[in-house]
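Peer 1: This one is entry_18.cif, mmCIF, C-alpha atoms.
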data_entry
#
loop_
_atom_site.group_PDB
_atom_site.id
_atom_site.type_symbol
_atom_site.label_atom_id
_atom_site.label_comp_id
_atom_site.auth_asym_id
_atom_site.auth_seq_id
_atom_site.Cartn_x
_atom_site.Cartn_y
_atom_site.Cartn_z
ATOM 1 C CA MET A 1 0.000 0.000 0.000
ATOM 2 C CA THR A 2 1.380 3.376 -1.010
ATOM 3 C CA LEU A 3 0.458 6.578 0.706
ATOM 4 C CA GLN A 4 -0.511 9.372 -1.693
ATOM 5 C CA LEU A 5 0.019 12.919 -0.427
ATOM 6 C CA THR A 6 -2.019 15.752 -1.879
ATOM 7 C CA LYS A 7 -1.464 19.466 -1.446
ATOM 8 C CA LYS A 8 -4.285 21.418 0.138
ATOM 9 C CA HIS A 9 -3.135 24.711 -1.384
ATOM 10 C CA SER A 10 -1.362 25.484 -4.656
ATOM 11 C CA PHE A 11 -0.675 29.118 -3.624
ATOM 12 C CA ASP A 12 3.065 29.728 -3.989
ATOM 13 C CA MET A 13 4.327 31.517 -0.866
ATOM 14 C CA VAL A 14 7.019 33.329 -2.861
ATOM 15 C CA PHE A 15 5.754 34.017 -6.363
ATOM 16 C CA ASP A 16 2.008 34.296 -5.722
ATOM 17 C CA SER A 17 2.589 36.423 -2.616
ATOM 18 C CA GLN A 18 4.749 38.785 -4.676
ATOM 19 C CA LYS A 19 2.043 39.114 -7.327
ATOM 20 C CA VAL A 20 -0.697 39.772 -4.778
ATOM 21 C CA PHE A 21 1.580 42.261 -2.992
ATOM 22 C CA ARG A 22 2.132 44.184 -6.234
ATOM 23 C CA LEU A 23 -1.639 44.382 -6.766
ATOM 24 C CA ILE A 24 -2.218 45.585 -3.195
ATOM 25 C CA LEU A 25 0.551 48.156 -3.628
ATOM 26 C CA GLU A 26 -1.016 49.295 -6.902
ATOM 27 C CA VAL A 27 -4.437 49.934 -5.351
ATOM 28 C CA MET A 28 -2.941 51.568 -2.245
ATOM 29 C CA SER A 29 -0.891 53.907 -4.426
ATOM 30 C CA ASN A 30 -3.823 54.675 -6.744
ATOM 31 C CA PRO A 31 -6.950 54.905 -4.569
ATOM 32 C CA THR A 32 -9.475 54.805 -7.436
ATOM 33 C CA ARG A 33 -7.888 51.819 -9.178
ATOM 34 C CA ILE A 34 -9.338 48.303 -8.918
ATOM 35 C CA ALA A 35 -7.308 45.097 -9.171
ATOM 36 C CA ASN A 36 -8.480 41.506 -9.051
ATOM 37 C CA ILE A 37 -6.845 38.782 -6.918
ATOM 38 C CA MET A 38 -9.259 35.912 -7.618
ATOM 39 C CA GLU A 39 -6.673 34.050 -9.696
ATOM 40 C CA TYR A 40 -4.472 33.749 -6.600
ATOM 41 C CA ALA A 41 -7.282 33.192 -4.083
ATOM 42 C CA ASP A 42 -8.457 30.238 -6.195
ATOM 43 C CA ARG A 43 -5.165 28.536 -5.306
ATOM 44 C CA LEU A 44 -6.196 28.421 -1.648
ATOM 45 C CA SER A 45 -8.854 26.421 0.137
ATOM 46 C CA GLY A 46 -10.505 27.443 3.344
ATOM 47 C CA SER A 47 -13.392 29.448 4.714
ATOM 48 C CA ASN A 48 -12.425 32.633 2.841
ATOM 49 C CA PRO A 49 -9.685 32.204 0.205
ATOM 50 C CA LEU A 50 -9.742 35.935 -0.669
ATOM 51 C CA PHE A 51 -8.884 36.888 2.915
ATOM 52 C CA LEU A 52 -6.296 34.108 3.063
ATOM 53 C CA ALA A 53 -4.540 35.403 -0.083
ATOM 54 C CA ILE A 54 -4.253 38.837 1.527
ATOM 55 C CA ALA A 55 -3.217 37.379 4.896
ATOM 56 C CA MET A 56 -0.533 35.170 3.369
ATOM 57 C CA THR A 57 0.817 38.202 1.529
ATOM 58 C CA LEU A 58 0.806 40.812 4.298
ATOM 59 C CA LEU A 59 1.048 38.895 7.583
ATOM 60 C CA ASP A 60 3.836 37.023 9.293
ATOM 61 C CA ASN A 61 4.700 35.931 12.821
ATOM 62 C CA GLU A 62 5.260 39.549 13.918
ATOM 63 C CA ALA A 63 1.836 40.780 12.754
ATOM 64 C CA SER A 64 -1.303 40.705 14.841
ATOM 65 C CA VAL A 65 -4.795 40.092 13.492
ATOM 66 C CA ASP A 66 -8.431 40.197 14.552
ATOM 67 C CA THR A 67 -11.141 38.442 12.532
ATOM 68 C CA CYS A 68 -14.131 39.917 14.371
ATOM 69 C CA GLY A 69 -15.242 36.621 15.882
ATOM 70 C CA ASP A 70 -14.639 34.386 12.842
ATOM 71 C CA HIS A 71 -12.813 31.606 14.684
ATOM 72 C CA VAL A 72 -12.428 29.396 11.608
ATOM 73 C CA LEU A 73 -10.704 32.214 9.688
ATOM 74 C CA SER A 74 -8.542 32.990 12.744
ATOM 75 C CA GLY A 75 -7.342 29.406 12.852
ATOM 76 C CA GLU A 76 -6.558 29.378 9.140
ATOM 77 C CA ILE A 77 -4.623 32.649 9.320
ATOM 78 C CA VAL A 78 -2.626 31.468 12.339
ATOM 79 C CA SER A 79 -1.886 28.186 10.577
ATOM 80 C CA LEU A 80 -0.873 29.698 7.228
ATOM 81 C CA ALA A 81 0.608 33.098 8.100
ATOM 82 C CA LEU A 82 1.642 32.451 11.730
ATOM 83 C CA ALA A 83 0.110 35.779 12.843
ATOM 84 C CA ARG A 84 -0.938 36.443 16.439
ATOM 85 C CA ILE A 85 -4.613 36.826 17.302
ATOM 86 C CA GLU A 86 -5.412 40.040 19.184
ATOM 87 C CA THR A 87 -8.406 42.269 19.828
ATOM 88 C CA VAL A 88 -9.730 44.913 17.460
ATOM 89 C CA ASP A 89 -8.094 47.753 19.433
ATOM 90 C CA THR A 90 -4.572 46.259 19.263
ATOM 91 C CA ALA A 91 -4.542 44.291 15.990
ATOM 92 C CA ASP A 92 -2.384 45.388 13.040
ATOM 93 C CA PHE A 93 -4.842 43.849 10.560
ATOM 94 C CA ILE A 94 -8.583 43.447 10.986
ATOM 95 C CA PHE A 95 -10.548 41.183 8.642
ATOM 96 C CA ILE A 96 -14.285 41.785 8.596
ATOM 97 C CA SER A 97 -16.856 39.954 6.497
ATOM 98 C CA ASP A 98 -19.967 41.026 8.405
ATOM 99 C CA GLU A 99 -20.852 44.512 7.235
ATOM 100 C CA SER A 100 -22.878 45.179 10.383
ATOM 101 C CA GLY A 101 -19.713 45.223 12.508
ATOM 102 C CA ILE A 102 -17.824 47.884 10.564
ATOM 103 C CA LYS A 103 -18.853 50.765 12.873
ATOM 104 C CA ASP A 104 -17.394 49.078 15.949
ATOM 105 C CA VAL A 105 -14.213 48.171 14.074
ATOM 106 C CA ILE A 106 -13.549 51.667 12.732
ATOM 107 C CA GLU A 107 -14.307 53.359 16.034
ATOM 108 C CA ASN A 108 -11.963 51.044 17.954
ATOM 109 C CA ALA A 109 -9.125 50.208 15.540
ATOM 110 C CA LYS A 110 -5.745 51.626 16.482
ATOM 111 C CA CYS A 111 -4.859 54.744 14.501
ATOM 112 C CA GLY A 112 -1.153 55.055 15.260
ATOM 113 C CA THR A 113 0.479 57.902 17.171
ATOM 114 C CA LEU A 114 1.821 61.250 16.073
ATOM 115 C CA ALA A 115 5.361 59.886 16.404
ATOM 116 C CA ASP A 116 4.511 56.521 14.789
ATOM 117 C CA PRO A 117 1.491 56.903 12.477
ATOM 118 C CA GLN A 118 2.442 53.665 10.695
ATOM 119 C CA LYS A 119 1.471 51.745 13.836
ATOM 120 C CA SER A 120 -2.144 51.975 12.754
ATOM 121 C CA ALA A 121 -4.507 49.212 11.687
ATOM 122 C CA THR A 122 -5.373 48.081 8.191
ATOM 123 C CA VAL A 123 -9.019 47.060 7.932
ATOM 124 C CA VAL A 124 -9.780 44.501 5.211
ATOM 125 C CA MET A 125 -13.497 44.360 4.515
ATOM 126 C CA GLN A 126 -15.323 41.987 2.211
ATOM 127 C CA TYR A 127 -18.554 43.163 0.646
ATOM 128 C CA GLN A 128 -21.096 41.182 -1.311
ATOM 129 C CA ASN A 129 -21.656 41.624 -5.026
ATOM 130 C CA ASP A 130 -25.336 42.451 -5.289
ATOM 131 C CA ASN A 131 -25.281 43.718 -8.898
ATOM 132 C CA ARG A 132 -26.568 47.095 -7.775
ATOM 133 C CA PRO A 133 -24.744 50.066 -9.216
ATOM 134 C CA GLY A 134 -22.499 51.759 -6.718
ATOM 135 C CA SER A 135 -22.585 55.376 -5.704
ATOM 136 C CA ALA A 136 -20.047 57.972 -6.739
ATOM 137 C CA ILE A 137 -17.843 59.696 -4.171
ATOM 138 C CA THR A 138 -15.143 62.285 -4.726
ATOM 139 C CA LEU A 139 -11.791 61.643 -3.084
ATOM 140 C CA ALA A 140 -8.672 63.742 -2.534
ATOM 141 C CA GLY A 141 -5.286 62.950 -1.032
ATOM 142 C CA PRO A 142 -2.005 61.173 -1.775
ATOM 143 C CA GLY A 143 -2.057 59.183 -5.019
ATOM 144 C CA ILE A 144 -4.791 61.385 -6.506
ATOM 145 C CA ASP A 145 -4.063 64.270 -8.835
ATOM 146 C CA GLY A 146 -6.418 66.909 -7.427
ATOM 147 C CA GLN A 147 -9.688 65.036 -7.008
ATOM 148 C CA ALA A 148 -11.010 61.749 -8.373
ATOM 149 C CA VAL A 149 -14.394 60.079 -8.487
ATOM 150 C CA LEU A 150 -14.793 56.494 -7.284
ATOM 151 C CA LEU A 151 -17.847 54.350 -7.976
ATOM 152 C CA ALA A 152 -18.137 52.183 -4.863
ATOM 153 C CA PRO A 153 -20.708 50.028 -3.061
ATOM 154 C CA GLN A 154 -22.677 51.873 -0.395
ATOM 155 C CA VAL A 155 -21.163 49.838 2.451
ATOM 156 C CA ALA A 156 -17.675 51.006 1.403
ATOM 157 C CA ILE A 157 -18.814 54.622 1.166
ATOM 158 C CA ASP A 158 -20.366 54.381 4.634
ATOM 159 C CA ALA A 159 -17.123 52.927 6.020
ATOM 160 C CA ILE A 160 -14.973 55.650 4.417
ATOM 161 C CA LYS A 161 -17.245 58.414 5.740
ATOM 162 C CA LEU A 162 -17.316 56.819 9.200
ATOM 163 C CA ARG A 163 -13.513 56.688 9.189
ATOM 164 C CA ASP A 164 -13.308 60.347 8.107
ATOM 165 C CA ALA A 165 -15.708 61.279 10.936
ATOM 166 C CA GLN A 166 -13.162 60.027 13.489
ATOM 167 C CA ASN A 167 -11.185 63.252 12.876
ATOM 168 C CA TYR A 168 -7.774 61.664 13.382
ATOM 169 C CA GLU A 169 -4.961 64.131 13.937
ATOM 170 C CA TYR A 170 -2.661 64.236 10.902
ATOM 171 C CA PRO A 171 -0.938 61.884 10.019
ATOM 172 C CA GLN A 172 -2.877 59.324 12.073
ATOM 173 C CA GLY A 173 -5.667 57.161 10.674
ATOM 174 C CA ILE A 174 -6.502 53.680 9.435
ATOM 175 C CA ASP A 175 -6.085 52.160 5.984
ATOM 176 C CA LEU A 176 -9.092 50.516 4.338
ATOM 177 C CA LEU A 177 -8.960 47.627 1.861
ATOM 178 C CA PHE A 178 -12.224 46.512 0.260
ATOM 179 C CA ILE A 179 -12.653 43.226 -1.573
ATOM 180 C CA SER A 180 -15.714 41.963 -3.401
ATOM 181 C CA GLY A 181 -16.876 38.370 -3.550
ATOM 182 C CA ASN A 182 -15.422 38.095 -7.062
ATOM 183 C CA GLY A 183 -11.956 39.295 -6.003
ATOM 184 C CA ASP A 184 -12.077 42.967 -7.004
ATOM 185 C CA LEU A 185 -9.850 44.914 -4.629
ATOM 186 C CA PHE A 186 -9.578 48.641 -3.990
ATOM 187 C CA ALA A 187 -8.033 50.672 -1.192
ATOM 188 C CA ILE A 188 -8.552 53.963 0.587
ATOM 189 C CA PRO A 189 -5.316 54.837 2.450
ATOM 190 C CA ARG A 190 -5.540 56.757 5.698
ATOM 191 C CA MET A 191 -4.686 60.162 4.191
ATOM 192 C CA VAL A 192 -7.289 59.945 1.386
ATOM 193 C CA LYS A 193 -10.518 61.693 2.334
ATOM 194 C CA VAL A 194 -13.992 62.167 0.906
ATOM 195 C CA VAL A 195 -14.567 65.598 -0.580
ATOM 196 C CA GLU A 196 -18.079 66.812 0.225
#
Could you quickly redo this structure as C-alpha cells?

Peer 2:
Amino acid sequence: MTLQLTKKHSFDMVFDSQKVFRLILEVMSNPTRIANIMEYADRLSGSNPLFLAIAMTLLDNEASVDTCGDHVLSGEIVSLALARIETVDTADFIFISDESGIKDVIENAKCGTLADPQKSATVVMQYQNDNRPGSAITLAGPGIDGQAVLLAPQVAIDAIKLRDAQNYEYPQGIDLLFISGNGDLFAIPRMVKVVE
C-alpha cells in the first residue's frame, strides 16, 4: 500500500505572494484603481480564500490580526501566516466579512500615534456583489491628482465616511482595503478623504 500525499493549497508563498503584494501596492498607491486577486485566491482552500490570499501576503509571525469573531478564519490565518490573534483595538490587521460590525471596528481600531502613524490598523473588509450600481464619491489625497471620483458600493462609502468622521490628527488614521466576492480589490489609504 502506497500513501498518496495531496497538497491542500497550490498558492506559492514566494511568487504568488509577490504578485498579490504588487496588486495591493497598486491599489494603495492609486486609490481609485481596482485590481483583481481571484486568480491567486483560487489557489487556496478554506473558509475565505480571498482573505487568506491577503493574509498570506501581508502577515507574518510579527503581525497581529483580529477576525471579528470568525474563529475558523482565525485558525486558518494562524496556521498559514503564523500571525498572532489580538483584539480589534490592538490588531495590526482586521478582517471583517460582516458589514454590520464595521462601525465598531472603525471606532476602535488603532490609529497610530503622532510619532509613529504607521502603527495603525489596516481594515480589510469583504462586501457582497449584489449587482446594484455603486454610488459615486469624490476623493482627494495622496495618489490622486487633485480630485477623483470612485464608484463604490454603499457599504464602502459608509465605512470611508465613518472613518473620516473620526477626525484623526494628521498623520494618524486607518487604511481601508475593500474586496468583493469576485476578487475585485480597492483601497482607501488613511490620508485619502472624501470631498463633500

Peer 1: What's the 12 Å shell around Asp12 in chain A, counting all atoms listed in the file, without same-chain residues fewer than 4 positions away, as a compact mmCIF listing (two decimals) with C-alpha atoms, in the coordinates of the input?

Peer 2:
# COMPACT_ATOMS: atom_id res chain seq x y z
CA LYS A 7 -1.46 19.47 -1.45
CA LYS A 8 -4.28 21.42 0.14
CA ASP A 16 2.01 34.30 -5.72
CA SER A 17 2.59 36.42 -2.62
CA GLN A 18 4.75 38.78 -4.68
CA LYS A 19 2.04 39.11 -7.33
CA VAL A 20 -0.70 39.77 -4.78
CA TYR A 40 -4.47 33.75 -6.60
CA ALA A 41 -7.28 33.19 -4.08
CA ASP A 42 -8.46 30.24 -6.20
CA ARG A 43 -5.16 28.54 -5.31
CA LEU A 44 -6.20 28.42 -1.65
CA ALA A 53 -4.54 35.40 -0.08
CA MET A 56 -0.53 35.17 3.37
CA THR A 57 0.82 38.20 1.53
CA LEU A 80 -0.87 29.70 7.23

Peer 1: Given the file above and the PyMOL selection byres ((chain A and resi 99-113) around 8), which residues are selected, and can you give them as a ChimeraX atom specification?

Peer 2: /A:68,88-92,94,96-98,114-121,125-127,155,159,162-163,166,168,172-174

Peer 1: For this structure, which residues satisfy the selection - the PyMOL selection byres ((chain A and resi 21-37) around 10) - when it is evaluated on the file as given? I want them as an MDAnalysis selection string.

Peer 2: chainID A and resid 15:20 38:42 50 53:54 56:58 138:145 148:152 175:180 182:190 192

Peer 1: Please compute the CA of Pro153 in chain A-CA of Gly134 in chain A distance, one decimal, in Å.

Peer 2: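 So the two atoms, CA of Pro153 in chain A and CA of Gly134 in chain A, lie 4.4 Å apart.
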
Peer 1: What does the structure give for the distance between CA of His71 in chain A and CA of Lys161 in chain A, in Å to one decimal?

Peer 2: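 Separation of CA of His71 in chain A and CA of Lys161 in chain A: 28.6 Å.
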
Peer 1: Find the distance between CA of Ile157 in chain A and CA of Lys193 in chain A and write it in Å to one decimal.

Peer 2: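 Those two atoms sit 11.0 Å apart.
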
Peer 1: Given all atoms listed in the file as the basis, pick out the residue of A:Gln147, A:Val194, A:Gln128, A:Gly46 nearest to Ile160 in chain A.

Peer 2: A:Val194

Peer 1: Which is closest to Leu73 in chain A among A:Ala55, A:Ala165, A:Ala156, A:Val14, if we use all atoms listed in the file?

Peer 2: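 So, comparing all the options, the nearest one is A:Ala55.
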
Peer 1: Restricted to C-alpha atoms, what does range 1-127 of chain A look like when written out as a compact mmCIF listing (two decimals), in the first residue's frame?

Peer 2:
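decode-v9.txt, written as the output of this step:
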# COMPACT_ATOMS: atom_id res chain seq x y z
CA MET A 1 0.00 0.00 0.00
CA THR A 2 1.38 3.38 -1.01
CA LEU A 3 0.46 6.58 0.71
CA GLN A 4 -0.51 9.37 -1.69
CA LEU A 5 0.02 12.92 -0.43
CA THR A 6 -2.02 15.75 -1.88
CA LYS A 7 -1.46 19.47 -1.45
CA LYS A 8 -4.29 21.42 0.14
CA HIS A 9 -3.13 24.71 -1.38
CA SER A 10 -1.36 25.48 -4.66
CA PHE A 11 -0.67 29.12 -3.62
CA ASP A 12 3.06 29.73 -3.99
CA MET A 13 4.33 31.52 -0.87
CA VAL A 14 7.02 33.33 -2.86
CA PHE A 15 5.75 34.02 -6.36
CA ASP A 16 2.01 34.30 -5.72
CA SER A 17 2.59 36.42 -2.62
CA GLN A 18 4.75 38.79 -4.68
CA LYS A 19 2.04 39.11 -7.33
CA VAL A 20 -0.70 39.77 -4.78
CA PHE A 21 1.58 42.26 -2.99
CA ARG A 22 2.13 44.18 -6.23
CA LEU A 23 -1.64 44.38 -6.77
CA ILE A 24 -2.22 45.58 -3.19
CA LEU A 25 0.55 48.16 -3.63
CA GLU A 26 -1.02 49.29 -6.90
CA VAL A 27 -4.44 49.93 -5.35
CA MET A 28 -2.94 51.57 -2.24
CA SER A 29 -0.89 53.91 -4.43
CA ASN A 30 -3.82 54.67 -6.74
CA PRO A 31 -6.95 54.91 -4.57
CA THR A 32 -9.47 54.80 -7.44
CA ARG A 33 -7.89 51.82 -9.18
CA ILE A 34 -9.34 48.30 -8.92
CA ALA A 35 -7.31 45.10 -9.17
CA ASN A 36 -8.48 41.51 -9.05
CA ILE A 37 -6.84 38.78 -6.92
CA MET A 38 -9.26 35.91 -7.62
CA GLU A 39 -6.67 34.05 -9.70
CA TYR A 40 -4.47 33.75 -6.60
CA ALA A 41 -7.28 33.19 -4.08
CA ASP A 42 -8.46 30.24 -6.20
CA ARG A 43 -5.17 28.54 -5.31
CA LEU A 44 -6.20 28.42 -1.65
CA SER A 45 -8.85 26.42 0.14
CA GLY A 46 -10.51 27.44 3.34
CA SER A 47 -13.39 29.45 4.71
CA ASN A 48 -12.43 32.63 2.84
CA PRO A 49 -9.68 32.20 0.21
CA LEU A 50 -9.74 35.93 -0.67
CA PHE A 51 -8.88 36.89 2.92
CA LEU A 52 -6.30 34.11 3.06
CA ALA A 53 -4.54 35.40 -0.08
CA ILE A 54 -4.25 38.84 1.53
CA ALA A 55 -3.22 37.38 4.90
CA MET A 56 -0.53 35.17 3.37
CA THR A 57 0.82 38.20 1.53
CA LEU A 58 0.81 40.81 4.30
CA LEU A 59 1.05 38.90 7.58
CA ASP A 60 3.84 37.02 9.29
CA ASN A 61 4.70 35.93 12.82
CA GLU A 62 5.26 39.55 13.92
CA ALA A 63 1.84 40.78 12.75
CA SER A 64 -1.30 40.70 14.84
CA VAL A 65 -4.79 40.09 13.49
CA ASP A 66 -8.43 40.20 14.55
CA THR A 67 -11.14 38.44 12.53
CA CYS A 68 -14.13 39.92 14.37
CA GLY A 69 -15.24 36.62 15.88
CA ASP A 70 -14.64 34.39 12.84
CA HIS A 71 -12.81 31.61 14.68
CA VAL A 72 -12.43 29.40 11.61
CA LEU A 73 -10.70 32.21 9.69
CA SER A 74 -8.54 32.99 12.74
CA GLY A 75 -7.34 29.41 12.85
CA GLU A 76 -6.56 29.38 9.14
CA ILE A 77 -4.62 32.65 9.32
CA VAL A 78 -2.63 31.47 12.34
CA SER A 79 -1.89 28.19 10.58
CA LEU A 80 -0.87 29.70 7.23
CA ALA A 81 0.61 33.10 8.10
CA LEU A 82 1.64 32.45 11.73
CA ALA A 83 0.11 35.78 12.84
CA ARG A 84 -0.94 36.44 16.44
CA ILE A 85 -4.61 36.83 17.30
CA GLU A 86 -5.41 40.04 19.18
CA THR A 87 -8.41 42.27 19.83
CA VAL A 88 -9.73 44.91 17.46
CA ASP A 89 -8.09 47.75 19.43
CA THR A 90 -4.57 46.26 19.26
CA ALA A 91 -4.54 44.29 15.99
CA ASP A 92 -2.38 45.39 13.04
CA PHE A 93 -4.84 43.85 10.56
CA ILE A 94 -8.58 43.45 10.99
CA PHE A 95 -10.55 41.18 8.64
CA ILE A 96 -14.29 41.78 8.60
CA SER A 97 -16.86 39.95 6.50
CA ASP A 98 -19.97 41.03 8.41
CA GLU A 99 -20.85 44.51 7.23
CA SER A 100 -22.88 45.18 10.38
CA GLY A 101 -19.71 45.22 12.51
CA ILE A 102 -17.82 47.88 10.56
CA LYS A 103 -18.85 50.77 12.87
CA ASP A 104 -17.39 49.08 15.95
CA VAL A 105 -14.21 48.17 14.07
CA ILE A 106 -13.55 51.67 12.73
CA GLU A 107 -14.31 53.36 16.03
CA ASN A 108 -11.96 51.04 17.95
CA ALA A 109 -9.12 50.21 15.54
CA LYS A 110 -5.74 51.63 16.48
CA CYS A 111 -4.86 54.74 14.50
CA GLY A 112 -1.15 55.06 15.26
CA THR A 113 0.48 57.90 17.17
CA LEU A 114 1.82 61.25 16.07
CA ALA A 115 5.36 59.89 16.40
CA ASP A 116 4.51 56.52 14.79
CA PRO A 117 1.49 56.90 12.48
CA GLN A 118 2.44 53.67 10.69
CA LYS A 119 1.47 51.74 13.84
CA SER A 120 -2.14 51.98 12.75
CA ALA A 121 -4.51 49.21 11.69
CA THR A 122 -5.37 48.08 8.19
CA VAL A 123 -9.02 47.06 7.93
CA VAL A 124 -9.78 44.50 5.21
CA MET A 125 -13.50 44.36 4.51
CA GLN A 126 -15.32 41.99 2.21
CA TYR A 127 -18.55 43.16 0.65
